[in-house]
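For reference, model.cif (mmCIF, C-alpha atoms):
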data_input
#
loop_
_atom_site.label_atom_id
_atom_site.label_comp_id
_atom_site.auth_asym_id
_atom_site.auth_seq_id
_atom_site.Cartn_x
_atom_site.Cartn_y
_atom_site.Cartn_z
CA MET A 16 28.50 5.48 -17.14
CA ARG A 17 26.58 2.38 -16.01
CA VAL A 18 22.90 3.04 -15.28
CA LEU A 19 20.57 0.47 -13.71
CA ILE A 20 16.82 1.04 -13.98
CA ALA A 21 15.22 -1.22 -11.37
CA ASP A 22 11.61 -0.39 -12.18
CA LYS A 23 9.24 0.24 -15.05
CA PHE A 24 10.38 3.26 -17.02
CA GLU A 25 9.31 5.07 -20.18
CA LYS A 26 11.03 3.96 -23.39
CA ALA A 27 11.70 7.61 -24.18
CA GLY A 28 13.70 7.82 -20.97
CA ILE A 29 15.69 4.67 -21.73
CA ASP A 30 16.45 5.97 -25.22
CA GLY A 31 17.44 9.35 -23.78
CA LEU A 32 19.91 7.75 -21.37
CA ALA A 33 21.40 5.65 -24.17
CA ALA A 34 21.78 8.80 -26.27
CA LEU A 35 23.91 10.25 -23.47
CA GLY A 36 26.33 7.38 -23.99
CA CYS A 37 25.26 5.51 -20.85
CA THR A 38 25.29 1.74 -20.62
CA VAL A 39 21.69 1.10 -19.57
CA THR A 40 20.42 -2.05 -17.86
CA ASN A 41 16.66 -2.26 -17.37
CA ASP A 42 15.35 -4.75 -14.78
CA PRO A 43 11.76 -3.69 -14.05
CA ASN A 44 11.00 -6.79 -11.98
CA ALA A 45 13.79 -6.45 -9.42
CA GLY A 46 11.45 -5.53 -6.59
CA ALA A 47 12.36 -4.94 -2.96
CA THR A 48 13.56 -8.52 -2.49
CA GLY A 49 15.68 -8.67 -5.63
CA ILE A 50 17.20 -5.22 -5.83
CA ALA A 51 20.23 -6.02 -3.67
CA GLY A 52 21.24 -8.85 -5.98
CA VAL A 53 20.62 -6.81 -9.11
CA ILE A 54 22.76 -3.95 -7.80
CA ALA A 55 25.56 -6.34 -6.84
CA MET A 56 25.39 -8.03 -10.24
CA HIS A 57 25.50 -4.91 -12.41
CA ASP A 58 27.49 -2.59 -10.11
CA PRO A 59 25.85 0.59 -11.46
CA GLN A 60 27.10 4.10 -10.97
CA VAL A 61 23.54 5.41 -11.25
CA LEU A 62 20.38 3.69 -9.96
CA ILE A 63 16.90 4.73 -11.12
CA VAL A 64 13.74 3.58 -9.31
CA ARG A 65 10.09 4.53 -9.18
CA SER A 66 8.28 2.60 -6.42
CA THR A 67 10.89 -0.11 -5.79
CA LYS A 68 12.28 0.17 -2.27
CA VAL A 69 16.01 0.75 -1.79
CA PRO A 70 16.78 -0.31 1.78
CA ALA A 71 20.13 -0.02 3.50
CA PRO A 72 21.13 -3.69 2.90
CA ALA A 73 20.66 -3.20 -0.85
CA LEU A 74 23.37 -0.54 -0.78
CA GLU A 75 25.98 -2.75 0.86
CA GLY A 76 26.97 -4.30 -2.47
CA ALA A 77 26.83 -0.99 -4.34
CA LYS A 78 30.55 -0.50 -4.82
CA SER A 79 30.37 2.04 -7.65
CA LEU A 80 27.02 3.66 -6.93
CA ARG A 81 27.15 7.44 -6.62
CA LEU A 82 23.67 8.59 -7.64
CA ILE A 83 20.12 7.35 -7.01
CA VAL A 84 17.31 9.00 -8.95
CA ARG A 85 13.74 8.55 -7.80
CA ALA A 86 11.63 8.86 -10.93
CA GLY A 87 8.89 10.58 -8.97
CA SER A 88 8.32 13.32 -6.44
CA GLY A 89 9.07 11.63 -3.10
CA VAL A 90 11.99 9.62 -1.74
CA ASP A 91 10.30 7.68 1.08
CA ASN A 92 11.04 4.38 -0.68
CA ILE A 93 14.79 5.07 -0.44
CA ASP A 94 16.86 4.79 2.75
CA VAL A 95 18.32 8.27 2.39
CA PRO A 96 20.42 8.16 5.61
CA ALA A 97 22.04 4.92 4.43
CA ALA A 98 22.76 6.47 1.04
CA SER A 99 24.18 9.58 2.69
CA ALA A 100 26.48 7.46 4.84
CA ARG A 101 27.93 5.98 1.64
CA LYS A 102 28.14 9.43 -0.01
CA VAL A 103 25.50 8.49 -2.58
CA ALA A 104 23.47 11.45 -3.80
CA VAL A 105 19.69 10.96 -3.87
CA CYS A 106 17.69 13.05 -6.33
CA ASN A 107 14.03 13.14 -7.29
CA CYS A 108 11.74 14.69 -9.91
CA PRO A 109 9.49 17.14 -8.04
CA GLY A 110 6.58 18.75 -9.81
CA MET A 111 6.61 16.53 -12.90
CA ASN A 112 3.43 14.73 -11.82
CA ALA A 113 1.73 17.78 -10.31
CA VAL A 114 -0.91 18.22 -13.00
CA ALA A 115 -1.78 14.51 -13.03
CA VAL A 116 -2.27 14.37 -9.26
CA ALA A 117 -4.24 17.62 -9.27
CA GLU A 118 -6.56 16.21 -11.95
CA LEU A 119 -7.22 13.09 -9.88
CA THR A 120 -7.78 15.25 -6.79
CA MET A 121 -10.56 17.12 -8.55
CA GLY A 122 -11.97 13.84 -9.83
CA LEU A 123 -12.14 12.44 -6.28
CA LEU A 124 -13.70 15.67 -5.06
CA LEU A 125 -16.40 15.34 -7.71
CA CYS A 126 -16.92 11.71 -6.70
CA CYS A 127 -17.51 12.79 -3.11
CA ASP A 128 -20.04 15.40 -4.20
CA ARG A 129 -21.86 13.51 -6.97
CA ARG A 130 -21.15 9.91 -5.85
CA ILE A 131 -20.25 8.98 -9.41
CA PRO A 132 -18.88 5.48 -8.59
CA ASP A 133 -22.05 4.65 -6.61
CA GLN A 134 -24.18 5.79 -9.53
CA CYS A 135 -22.20 3.55 -11.91
CA THR A 136 -22.59 0.59 -9.57
CA SER A 137 -26.34 1.16 -9.31
CA LEU A 138 -26.73 1.17 -13.07
CA ARG A 139 -24.66 -1.99 -13.43
CA LEU A 140 -27.04 -3.65 -10.95
CA ASP A 141 -29.99 -2.67 -13.19
CA GLN A 142 -31.16 -0.04 -10.71
CA TRP A 143 -32.37 3.47 -11.60
CA ASN A 144 -32.35 5.83 -8.60
CA LYS A 145 -32.53 9.44 -9.70
CA LYS A 146 -34.34 10.27 -6.46
CA GLU A 147 -31.31 9.31 -4.36
CA PHE A 148 -28.48 10.52 -6.57
CA SER A 149 -29.96 13.90 -7.46
CA LYS A 150 -28.95 15.06 -3.98
CA ALA A 151 -25.63 16.94 -4.29
CA ARG A 152 -24.28 20.27 -3.10
CA GLY A 153 -22.21 21.32 -6.10
CA LEU A 154 -18.66 22.59 -5.69
CA LYS A 155 -19.20 26.25 -6.60
CA GLY A 156 -18.98 28.44 -3.51
CA LEU A 157 -17.70 25.71 -1.20
CA THR A 158 -14.62 26.41 0.93
CA LEU A 159 -11.74 24.11 0.04
CA GLY A 160 -8.82 23.78 2.44
CA VAL A 161 -5.59 22.94 0.62
CA VAL A 162 -3.02 21.54 3.04
CA GLY A 163 0.41 21.84 1.43
CA VAL A 164 1.14 24.30 -1.37
CA GLY A 165 3.99 22.74 -3.30
CA ALA A 166 3.72 22.06 -7.02
CA ILE A 167 0.70 19.75 -6.64
CA GLY A 168 -1.13 21.97 -4.19
CA GLN A 169 -0.69 24.95 -6.49
CA GLU A 170 -2.13 23.04 -9.45
CA VAL A 171 -5.11 22.02 -7.30
CA ILE A 172 -5.69 25.66 -6.34
CA LYS A 173 -5.85 26.68 -10.01
CA ARG A 174 -8.47 24.04 -10.75
CA ALA A 175 -10.51 24.66 -7.61
CA VAL A 176 -10.66 28.40 -8.37
CA ALA A 177 -11.82 27.55 -11.89
CA PHE A 178 -14.65 25.55 -10.28
CA GLY A 179 -15.66 28.66 -8.34
CA MET A 180 -14.48 27.35 -4.96
CA HIS A 181 -13.14 29.57 -2.18
CA VAL A 182 -9.65 28.26 -1.38
CA VAL A 183 -7.90 28.54 1.98
CA VAL A 184 -4.30 27.31 2.17
CA TRP A 185 -2.31 25.91 5.08
CA SER A 186 1.40 25.10 5.16
CA ARG A 187 4.22 25.26 7.69
CA SER A 188 5.91 27.91 5.54
CA ILE A 189 3.09 29.75 3.79
CA THR A 190 2.83 33.53 4.16
CA PRO A 191 -0.22 35.75 3.65
CA GLN A 192 1.54 37.29 0.65
CA HIS A 193 2.22 33.92 -0.96
CA ALA A 194 -1.35 32.81 -0.35
CA ALA A 195 -2.68 35.99 -1.99
CA ALA A 196 -0.38 35.47 -4.99
CA LEU A 197 -1.92 32.01 -5.43
CA GLY A 198 -5.44 33.46 -5.39
CA ALA A 199 -6.17 31.91 -2.01
CA GLU A 200 -6.81 32.91 1.59
CA PHE A 201 -4.05 32.47 4.17
CA GLY A 202 -5.00 29.65 6.54
CA GLY A 203 -2.05 29.62 8.93
CA THR A 204 1.06 27.60 9.60
CA ASP A 205 0.61 25.75 12.91
CA THR A 206 -1.53 22.94 14.31
CA PRO A 207 -4.19 25.19 15.90
CA ALA A 208 -4.61 26.89 12.52
CA LEU A 209 -4.97 23.50 10.82
CA LEU A 210 -7.75 22.53 13.21
CA ALA A 211 -9.40 25.89 12.66
CA LEU A 212 -9.30 25.23 8.92
CA ALA A 213 -10.85 21.81 9.46
CA ARG A 214 -13.70 23.43 11.37
CA ARG A 215 -14.58 25.89 8.58
CA ALA A 216 -13.82 24.00 5.36
CA ASP A 217 -16.45 22.17 3.36
CA ALA A 218 -13.68 20.04 1.84
CA ILE A 219 -10.01 19.47 2.61
CA THR A 220 -7.32 18.04 0.35
CA ILE A 221 -3.87 16.96 1.54
CA HIS A 222 -0.68 17.57 -0.48
CA LEU A 223 2.27 17.03 1.85
CA PRO A 224 5.34 14.77 1.80
CA LEU A 225 5.58 12.02 4.39
CA ALA A 226 7.99 12.97 7.17
CA PRO A 227 8.17 12.51 10.95
CA THR A 228 6.42 15.86 11.35
CA THR A 229 3.57 14.96 8.99
CA LYS A 230 2.94 11.30 9.90
CA SER A 231 -0.67 10.96 11.15
CA LEU A 232 -1.10 14.73 10.82
CA CYS A 233 -4.75 14.05 10.04
CA ASN A 234 -5.57 12.41 13.35
CA LYS A 235 -8.52 12.04 15.70
CA ALA A 236 -8.45 15.73 16.67
CA PHE A 237 -8.38 16.74 13.02
CA PHE A 238 -11.38 14.63 12.02
CA GLU A 239 -13.30 15.64 15.13
CA ALA A 240 -12.81 19.25 14.03
CA MET A 241 -14.15 18.67 10.51
CA LYS A 242 -17.70 19.66 9.65
CA PRO A 243 -20.25 16.85 9.51
CA GLY A 244 -20.68 15.80 5.91
CA ALA A 245 -17.46 17.49 4.75
CA TYR A 246 -15.22 15.98 2.06
CA PHE A 247 -11.68 14.72 2.72
CA ILE A 248 -9.21 14.01 -0.12
CA ASN A 249 -5.78 12.39 0.18
CA THR A 250 -3.60 11.82 -2.88
CA SER A 251 -0.26 12.16 -1.04
CA ARG A 252 0.72 9.31 1.29
CA GLY A 253 -1.44 6.95 3.33
CA ASP A 254 0.55 7.41 6.52
CA LEU A 255 -0.38 11.10 6.68
CA VAL A 256 -3.77 9.90 7.90
CA ASP A 257 -4.88 7.99 10.98
CA GLU A 258 -7.29 5.76 9.08
CA ALA A 259 -9.03 4.47 12.20
CA ALA A 260 -9.92 8.06 13.07
CA LEU A 261 -11.04 8.66 9.48
CA ARG A 262 -13.28 5.57 9.57
CA ASP A 263 -14.87 6.83 12.79
CA ALA A 264 -15.52 10.20 11.15
CA VAL A 265 -17.03 8.58 8.05
CA SER A 266 -19.35 6.47 10.19
CA ALA A 267 -20.24 9.02 12.87
CA LYS A 268 -20.17 12.33 10.99
CA GLY A 269 -20.96 11.40 7.41
CA ILE A 270 -17.54 12.52 6.17
CA ARG A 271 -17.03 11.49 2.56
CA ALA A 272 -13.49 10.61 1.54
CA GLY A 273 -11.65 10.36 -1.77
CA LEU A 274 -8.45 8.38 -1.27
CA ASP A 275 -5.72 7.42 -3.72
CA VAL A 276 -3.41 6.20 -0.94
CA PHE A 277 -3.92 4.03 2.12
CA GLU A 278 -2.16 2.83 5.25
CA GLY A 279 -0.43 -0.49 4.56
CA GLU A 280 -1.30 -0.52 0.87
CA PRO A 281 0.36 -3.26 -1.21
CA LYS A 282 3.74 -2.45 -2.72
CA GLU A 283 3.14 -4.85 -5.61
CA ALA A 284 1.39 -3.71 -8.78
CA THR A 285 -1.27 -6.40 -8.30
CA ALA A 286 -2.22 -8.16 -5.08
CA GLY A 287 -5.16 -9.43 -3.10
CA TRP A 288 -5.89 -6.89 -0.39
CA GLY A 289 -8.77 -6.18 1.93
CA CYS A 290 -9.12 -2.56 3.05
CA SER A 291 -11.74 -1.78 5.67
CA THR A 292 -11.56 1.95 4.92
CA ALA A 293 -12.21 1.51 1.19
CA LYS A 294 -15.26 -0.65 1.90
CA LEU A 295 -17.12 2.04 3.83
CA PRO A 296 -20.06 3.80 2.16
CA GLY A 297 -18.99 7.33 1.36
CA VAL A 298 -15.36 6.39 0.65
CA PHE A 299 -14.23 6.55 -2.97
CA GLY A 300 -10.85 4.95 -3.62
CA THR A 301 -8.33 4.62 -6.40
CA HIS A 302 -5.20 2.50 -6.58
CA HIS A 303 -2.34 4.98 -5.89
CA VAL A 304 -2.47 6.12 -9.49
CA GLY A 305 -2.27 9.89 -9.03
CA ALA A 306 0.87 10.22 -11.13
CA SER A 307 -0.08 7.48 -13.58
CA THR A 308 -0.83 9.39 -16.75
CA ASP A 309 1.17 9.18 -19.96
CA GLN A 310 1.87 12.90 -19.74
CA ALA A 311 3.22 12.70 -16.21
CA GLN A 312 5.38 9.66 -16.80
CA LEU A 313 6.93 11.19 -19.91
CA ALA A 314 7.71 14.37 -17.96
CA VAL A 315 9.31 12.31 -15.17
CA ALA A 316 11.39 10.37 -17.70
CA GLU A 317 12.61 13.58 -19.31
CA GLU A 318 13.53 15.05 -15.92
CA THR A 319 15.37 11.86 -14.98
CA VAL A 320 17.42 12.06 -18.18
CA ARG A 321 18.20 15.71 -17.38
CA ILE A 322 19.40 14.78 -13.90
CA VAL A 323 21.67 12.01 -15.22
CA SER A 324 22.94 14.23 -18.04
CA THR A 325 23.89 16.99 -15.60
CA TRP A 326 25.57 14.50 -13.28
CA LYS A 327 27.51 12.93 -16.16
CA ARG A 328 28.58 16.29 -17.55
CA ASP A 329 29.73 18.16 -14.43
CA GLY A 330 29.01 16.03 -11.36
CA ARG A 331 26.19 18.28 -10.17
CA ALA A 332 23.22 16.61 -8.49
CA VAL A 333 19.96 18.25 -9.57
CA ASN A 334 17.08 18.13 -7.04
CA CYS A 335 19.37 16.47 -4.50
CA VAL A 336 17.65 15.79 -1.16
CA ASN A 337 20.84 14.95 0.78
CA ALA A 338 23.28 17.41 -0.76
CA GLU A 339 24.74 18.64 2.51
CA ALA A 340 25.36 15.13 3.81
CA VAL A 341 27.08 14.10 0.56
CA PHE A 342 28.83 17.26 -0.58
CA GLY A 343 29.12 19.28 2.63
CA PRO A 344 27.59 22.71 3.42
CA GLN A 345 26.14 24.30 0.30
#
Using the file provided, produce a representation of the structure as structure tokens.
Amino acid sequence: MRVLIADKFEKAGIDGLAALGCTVTNDPNAGATGIAGVIAMHDPQVLIVRSTKVPAPALEGAKSLRLIVRAGSGVDNIDVPAASARKVAVCNCPGMNAVAVAELTMGLLLCCDRRIPDQCTSLRLDQWNKKEFSKARGLKGLTLGVVGVGAIGQEVIKRAVAFGMHVVVWSRSITPQHAAALGAEFGGTDTPALLALARRADAITIHLPLAPTTKSLCNKAFFEAMKPGAYFINTSRGDLVDEAALRDAVSAKGIRAGLDVFEGEPKEATAGWGCSTAKLPGVFGTHHVGASTDQAQLAVAEETVRIVSTWKRDGRAVNCVNAEAVFGPQ
């Protein structure tokens, strides 16, 4: 079986694929512009990507391709309808990075409360300002709204409860019973309930996939509903948030934000980029690195090998997001 890895990938994963008897080609620098040519050149049966985009034109030369594995939790960098039209199964690795993203979420929450990056900057500028930076609420007893209770949201809940926070959960599919089992309060399933949560929460963290129904979910109405001075965390996808509305809330209401993802963020690993949101006082940003821990990447690599192994052994697509389109009604 020919496997093309068109992205950076853990050596343990490459070795694991080779141990399965696969012929592995690793081209981590293919990128969005080069992936079509790389696919046409190597004619893989399996394609593995992390952040590299796989648009419809890239699939036109994929004569033998039958499986795409996203070595991560989402598939928004893959043209799934185009893959489905060619009967190419698309699988991902959900939950493997949950702990890593949850850890960063708590770190950003602490940054919002204690302004840790601002304190570091002040010290590097030879300034001592205990008077200013000793003003913090503390997280214990605050109400945290967790929007989305998949694997990442559930890991965040565990950590927030350990911090002594009161957690209220919102999801399109959550039930009061499920919320109680997670040690949280049921916060509803519809848009009015989301706005009600925004009005009562001291902090809100977003853990949803990007989809037509979630794009700009955190919009002007959402930020207008939030408490003045509340904390807003997004480690999911930038397009879940109307950043212009967020900037208005930061400026007008003193909202503090911890963001790992942004609208229009660069797709390259390094790039010059000016972000008006990240420059605002009260906004603490990281570089879309939520899943970027050694532990998480090793777990993703192991899950990717498991997916390919299962496919090679019996043709079953694990974690397939387009199973019905490719294989028919399940």
Determine, for each residue of range 63-172 of chain A having at least one atom at most 12 Å from an atom of range 209-214 of chain A, the closest pair of atoms and their separation in Å to one decimal, counting all atoms listed in the file; order by chain and ascending number, as CSV.
residue,atom,partner,partner_atom,distance
A:Thr158,CA,A:Leu212,CA,9.7
A:Leu159,CA,A:Leu212,CA,9.3
A:Gly160,CA,A:Leu212,CA,6.7
A:Val161,CA,A:Leu212,CA,9.4
A:Val162,CA,A:Leu209,CA,8.3
A:Gly163,CA,A:Leu209,CA,10.9
Find the nearest atom pair between each residue of range 255-304 of chain A and range 225-246 of chain A for residues within 9 Å, count all atoms listed in the file, give distances in Å to one decimal, sort rows by chain and ascending number, and present the table as JSON lines.
{"residue": "A:Leu255", "atom": "CA", "partner": "A:Ser231", "partner_atom": "CA", "distance": 4.5}
{"residue": "A:Val256", "atom": "CA", "partner": "A:Ser231", "partner_atom": "CA", "distance": 4.6}
{"residue": "A:Asp257", "atom": "CA", "partner": "A:Asn234", "partner_atom": "CA", "distance": 5.1}
{"residue": "A:Glu258", "atom": "CA", "partner": "A:Asn234", "partner_atom": "CA", "distance": 8.1}
{"residue": "A:Ala259", "atom": "CA", "partner": "A:Lys235", "partner_atom": "CA", "distance": 8.4}
{"residue": "A:Ala260", "atom": "CA", "partner": "A:Lys235", "partner_atom": "CA", "distance": 5.0}
{"residue": "A:Leu261", "atom": "CA", "partner": "A:Phe238", "partner_atom": "CA", "distance": 6.5}
{"residue": "A:Asp263", "atom": "CA", "partner": "A:Phe238", "partner_atom": "CA", "distance": 8.6}
{"residue": "A:Ala264", "atom": "CA", "partner": "A:Phe238", "partner_atom": "CA", "distance": 6.1}
{"residue": "A:Val265", "atom": "CA", "partner": "A:Gly244", "partner_atom": "CA", "distance": 8.4}
{"residue": "A:Ala267", "atom": "CA", "partner": "A:Pro243", "partner_atom": "CA", "distance": 8.5}
{"residue": "A:Lys268", "atom": "CA", "partner": "A:Pro243", "partner_atom": "CA", "distance": 4.8}
{"residue": "A:Gly269", "atom": "CA", "partner": "A:Gly244", "partner_atom": "CA", "distance": 4.7}
{"residue": "A:Ile270", "atom": "CA", "partner": "A:Gly244", "partner_atom": "CA", "distance": 4.5}
{"residue": "A:Arg271", "atom": "CA", "partner": "A:Tyr246", "partner_atom": "CA", "distance": 4.9}
{"residue": "A:Ala272", "atom": "CA", "partner": "A:Tyr246", "partner_atom": "CA", "distance": 5.7}
{"residue": "A:Gly273", "atom": "CA", "partner": "A:Tyr246", "partner_atom": "CA", "distance": 7.7}
Kindly export the residues of the current selection with C-alpha atoms, as a compact mmCIF listing (two decimals), in the coordinates of the input.
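So selection.txt came out as:
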# COMPACT_ATOMS: atom_id res chain seq x y z
CA LEU A 255 -0.38 11.10 6.68
CA VAL A 256 -3.77 9.90 7.90
CA ASP A 257 -4.88 7.99 10.98
CA GLU A 258 -7.29 5.76 9.08
CA ALA A 259 -9.03 4.47 12.20
CA ALA A 260 -9.92 8.06 13.07
CA LEU A 261 -11.04 8.66 9.48
CA ASP A 263 -14.87 6.83 12.79
CA ALA A 264 -15.52 10.20 11.15
CA VAL A 265 -17.03 8.58 8.05
CA ALA A 267 -20.24 9.02 12.87
CA LYS A 268 -20.17 12.33 10.99
CA GLY A 269 -20.96 11.40 7.41
CA ILE A 270 -17.54 12.52 6.17
CA ARG A 271 -17.03 11.49 2.56
CA ALA A 272 -13.49 10.61 1.54
CA GLY A 273 -11.65 10.36 -1.77
Applying the PyMOL selection byres ((chain A and resi 151-156) around 12) to the file I just gave you, which residues come out? Please list them as number ranges by chain. A: 121-122, 124-131, 145-150, 157-159, 174-182, 216-218, 244-246
For the point (-1.6, 4.6, -5.7) in the file's frame, write as a list in words all residues with an atom no more than 10 Å away, counting only C-alpha atoms. Thr250, Ser251, Arg252, Gly253, Leu274, Asp275, Val276, Phe277, Glu280, Pro281, Lys282, Ala284, Gly300, Thr301, His302, His303, Val304, Gly305, Ala306 and Ser307 of chain A
Selection dump of the PyMOL selection byres ((chain A and resi 339) around 12), as a short mmCIF file (atom, residue, chain, number, x, y, z; two decimals) with C-alpha atoms, keeping the file's coordinate frame:
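The file below, result_23.cif, is the result:
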data_model
loop_
_atom_site.label_atom_id
_atom_site.label_comp_id
_atom_site.auth_asym_id
_atom_site.auth_seq_id
_atom_site.Cartn_x
_atom_site.Cartn_y
_atom_site.Cartn_z
CA PRO A 96 20.42 8.16 5.61
CA SER A 99 24.18 9.58 2.69
CA ALA A 100 26.48 7.46 4.84
CA LYS A 102 28.14 9.43 -0.01
CA VAL A 103 25.50 8.49 -2.58
CA ALA A 104 23.47 11.45 -3.80
CA VAL A 105 19.69 10.96 -3.87
CA ALA A 332 23.22 16.61 -8.49
CA CYS A 335 19.37 16.47 -4.50
CA VAL A 336 17.65 15.79 -1.16
CA ASN A 337 20.84 14.95 0.78
CA ALA A 338 23.28 17.41 -0.76
CA ALA A 340 25.36 15.13 3.81
CA VAL A 341 27.08 14.10 0.56
CA PHE A 342 28.83 17.26 -0.58
CA GLY A 343 29.12 19.28 2.63
CA PRO A 344 27.59 22.71 3.42
CA GLN A 345 26.14 24.30 0.30
#
Specify as a list of chain:residue names each residue included when the PyMOL selection byres ((chain A and resi 191) around 9) is applied to this file. A:Ile189, A:Thr190, A:Gln192, A:His193, A:Ala194, A:Ala195, A:Ala196, A:Glu200, A:Phe201, A:Gly202, A:Gly203
So that I have them on file, write out the residues from the current selection with C-alpha atoms, as a PDB file, in the coordinates of the input.
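Full text of selection-v1.pdb as output:
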ATOM      1  CA  ILE A 189       3.090  29.750   3.790  1.00  0.00           C
ATOM      2  CA  THR A 190       2.830  33.530   4.160  1.00  0.00           C
ATOM      3  CA  GLN A 192       1.540  37.290   0.650  1.00  0.00           C
ATOM      4  CA  HIS A 193       2.220  33.920  -0.960  1.00  0.00           C
ATOM      5  CA  ALA A 194      -1.350  32.810  -0.350  1.00  0.00           C
ATOM      6  CA  ALA A 195      -2.680  35.990  -1.990  1.00  0.00           C
ATOM      7  CA  ALA A 196      -0.380  35.470  -4.990  1.00  0.00           C
ATOM      8  CA  GLU A 200      -6.810  32.910   1.590  1.00  0.00           C
ATOM      9  CA  PHE A 201      -4.050  32.470   4.170  1.00  0.00           C
ATOM     10  CA  GLY A 202      -5.000  29.650   6.540  1.00  0.00           C
ATOM     11  CA  GLY A 203      -2.050  29.620   8.930  1.00  0.00           C
TER      12      GLY A 203
END
List the spatial neighbours of Val171 in chain A as a list in words - criterion: any atom at most 9 Å away, only C-alpha atoms, same-chain residues fewer than 2 positions off excluded.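 Everything that qualifies: Ala113, Val114, Val116, Ala117, Glu118, Thr120, Met121, Val161, Val164, Ala166, Ile167, Gly168, Gln169, Lys173, Arg174, Ala175, Val176 and Thr220 of chain A.
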Hey, which of A:Gln142, A:Ser88, A:Asn334, A:Thr308 ends up closest to Pro224 in chain A? Count only C-alpha atoms.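 That would be A:Ser88, the residue with the smallest distance to Pro224 in chain A.
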I'd like to know which of A:Asp22, A:Pro59, A:Gly52, A:Leu138 is closest to Cys37 in chain A, using all atoms listed in the file. A:Pro59
Could you work out how far CA of Phe299 in chain A lies from CA of Gly87 in chain A, giving the answer in Å with one decimal?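 So the two atoms, CA of Gly87 in chain A and CA of Phe299 in chain A, lie 24.2 Å apart.
Each of A:Val333, A:Val323, A:Ala316, A:Ala199 was compared to Lys26 in chain A using only C-alpha atoms, and A:Ala316 turns out to be the nearest.
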Between CA of Glu283 in chain A and CA of Pro70 in chain A, what is the distance in Å, rounded to a tenth?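 So the two atoms, CA of Glu283 in chain A and CA of Pro70 in chain A, lie 16.2 Å apart.
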Interatomic distance between CA of Leu223 in chain A and CA of Leu313 in chain A?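 That distance, rounded to one decimal, is 23.0 Å.
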Which protein, DNA or RNA residues are at most 10 Å from (20.1, 16.1, -14.9) in the file's coordinates when you count all atoms listed in the file, listed as a ChimeraX atom specification? /A:84,106,108,317-334
Create the file for the chosen residues now, containing C-alpha atoms and written as a compact mmCIF listing (two decimals), keeping the file's coordinate frame.
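That gives us selection.txt:
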# COMPACT_ATOMS: atom_id res chain seq x y z
CA VAL A 84 17.31 9.00 -8.95
CA CYS A 106 17.69 13.05 -6.33
CA CYS A 108 11.74 14.69 -9.91
CA GLU A 317 12.61 13.58 -19.31
CA GLU A 318 13.53 15.05 -15.92
CA THR A 319 15.37 11.86 -14.98
CA VAL A 320 17.42 12.06 -18.18
CA ARG A 321 18.20 15.71 -17.38
CA ILE A 322 19.40 14.78 -13.90
CA VAL A 323 21.67 12.01 -15.22
CA SER A 324 22.94 14.23 -18.04
CA THR A 325 23.89 16.99 -15.60
CA TRP A 326 25.57 14.50 -13.28
CA LYS A 327 27.51 12.93 -16.16
CA ARG A 328 28.58 16.29 -17.55
CA ASP A 329 29.73 18.16 -14.43
CA GLY A 330 29.01 16.03 -11.36
CA ARG A 331 26.19 18.28 -10.17
CA ALA A 332 23.22 16.61 -8.49
CA VAL A 333 19.96 18.25 -9.57
CA ASN A 334 17.08 18.13 -7.04
Determine, counting only C-alpha atoms, which protein, DNA and RNA residues have an atom within 8 Å of an atom of Ala47 in chain A; residues of the same chain fewer than 5 positions away are not included. Present the result as a PyMOL selection string. chain A and resi 67-70
Just the selected residues (C-alpha atoms), exported as a PDB file, in the coordinates of the input, please.
ATOM      1  CA  THR A  67      10.890  -0.110  -5.790  1.00  0.00           C
ATOM      2  CA  LYS A  68      12.280   0.170  -2.270  1.00  0.00           C
ATOM      3  CA  VAL A  69      16.010   0.750  -1.790  1.00  0.00           C
ATOM      4  CA  PRO A  70      16.780  -0.310   1.780  1.00  0.00           C
TER       5      PRO A  70
END
Kindly add N, CA and C atoms to the incomplete range 138-146 of chain A and provide the output as an mmCIF file, keeping the file's coordinate frame.
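What ended up in selection38.cif:
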data_model
loop_
_atom_site.group_PDB
_atom_site.id
_atom_site.type_symbol
_atom_site.label_atom_id
_atom_site.label_comp_id
_atom_site.auth_asym_id
_atom_site.auth_seq_id
_atom_site.Cartn_x
_atom_site.Cartn_y
_atom_site.Cartn_z
ATOM 1 N N LEU A 138 -26.316 1.467 -11.710
ATOM 2 C CA LEU A 138 -26.730 1.170 -13.070
ATOM 3 C C LEU A 138 -26.319 -0.228 -13.499
ATOM 4 N N ARG A 139 -25.122 -0.649 -13.072
ATOM 5 C CA ARG A 139 -24.660 -1.990 -13.430
ATOM 6 C C ARG A 139 -25.474 -3.085 -12.738
ATOM 7 N N LEU A 140 -26.156 -2.714 -11.659
ATOM 8 C CA LEU A 140 -27.040 -3.650 -10.950
ATOM 9 C C LEU A 140 -28.489 -3.516 -11.440
ATOM 10 N N ASP A 141 -28.666 -2.843 -12.583
ATOM 11 C CA ASP A 141 -29.990 -2.670 -13.190
ATOM 12 C C ASP A 141 -30.931 -1.860 -12.298
ATOM 13 N N GLN A 142 -30.361 -0.879 -11.593
ATOM 14 C CA GLN A 142 -31.160 -0.040 -10.710
ATOM 15 C C GLN A 142 -31.099 1.421 -11.164
ATOM 16 N N TRP A 143 -32.272 2.041 -11.262
ATOM 17 C CA TRP A 143 -32.370 3.470 -11.600
ATOM 18 C C TRP A 143 -32.832 4.201 -10.348
ATOM 19 N N ASN A 144 -32.025 5.178 -9.873
ATOM 20 C CA ASN A 144 -32.350 5.830 -8.600
ATOM 21 C C ASN A 144 -32.057 7.318 -8.664
ATOM 22 N N LYS A 145 -32.719 7.997 -9.578
ATOM 23 C CA LYS A 145 -32.530 9.440 -9.700
ATOM 24 C C LYS A 145 -32.916 10.157 -8.412
ATOM 25 N N LYS A 146 -33.888 9.645 -7.703
ATOM 26 C CA LYS A 146 -34.340 10.270 -6.460
ATOM 27 C C LYS A 146 -33.198 10.377 -5.459
#
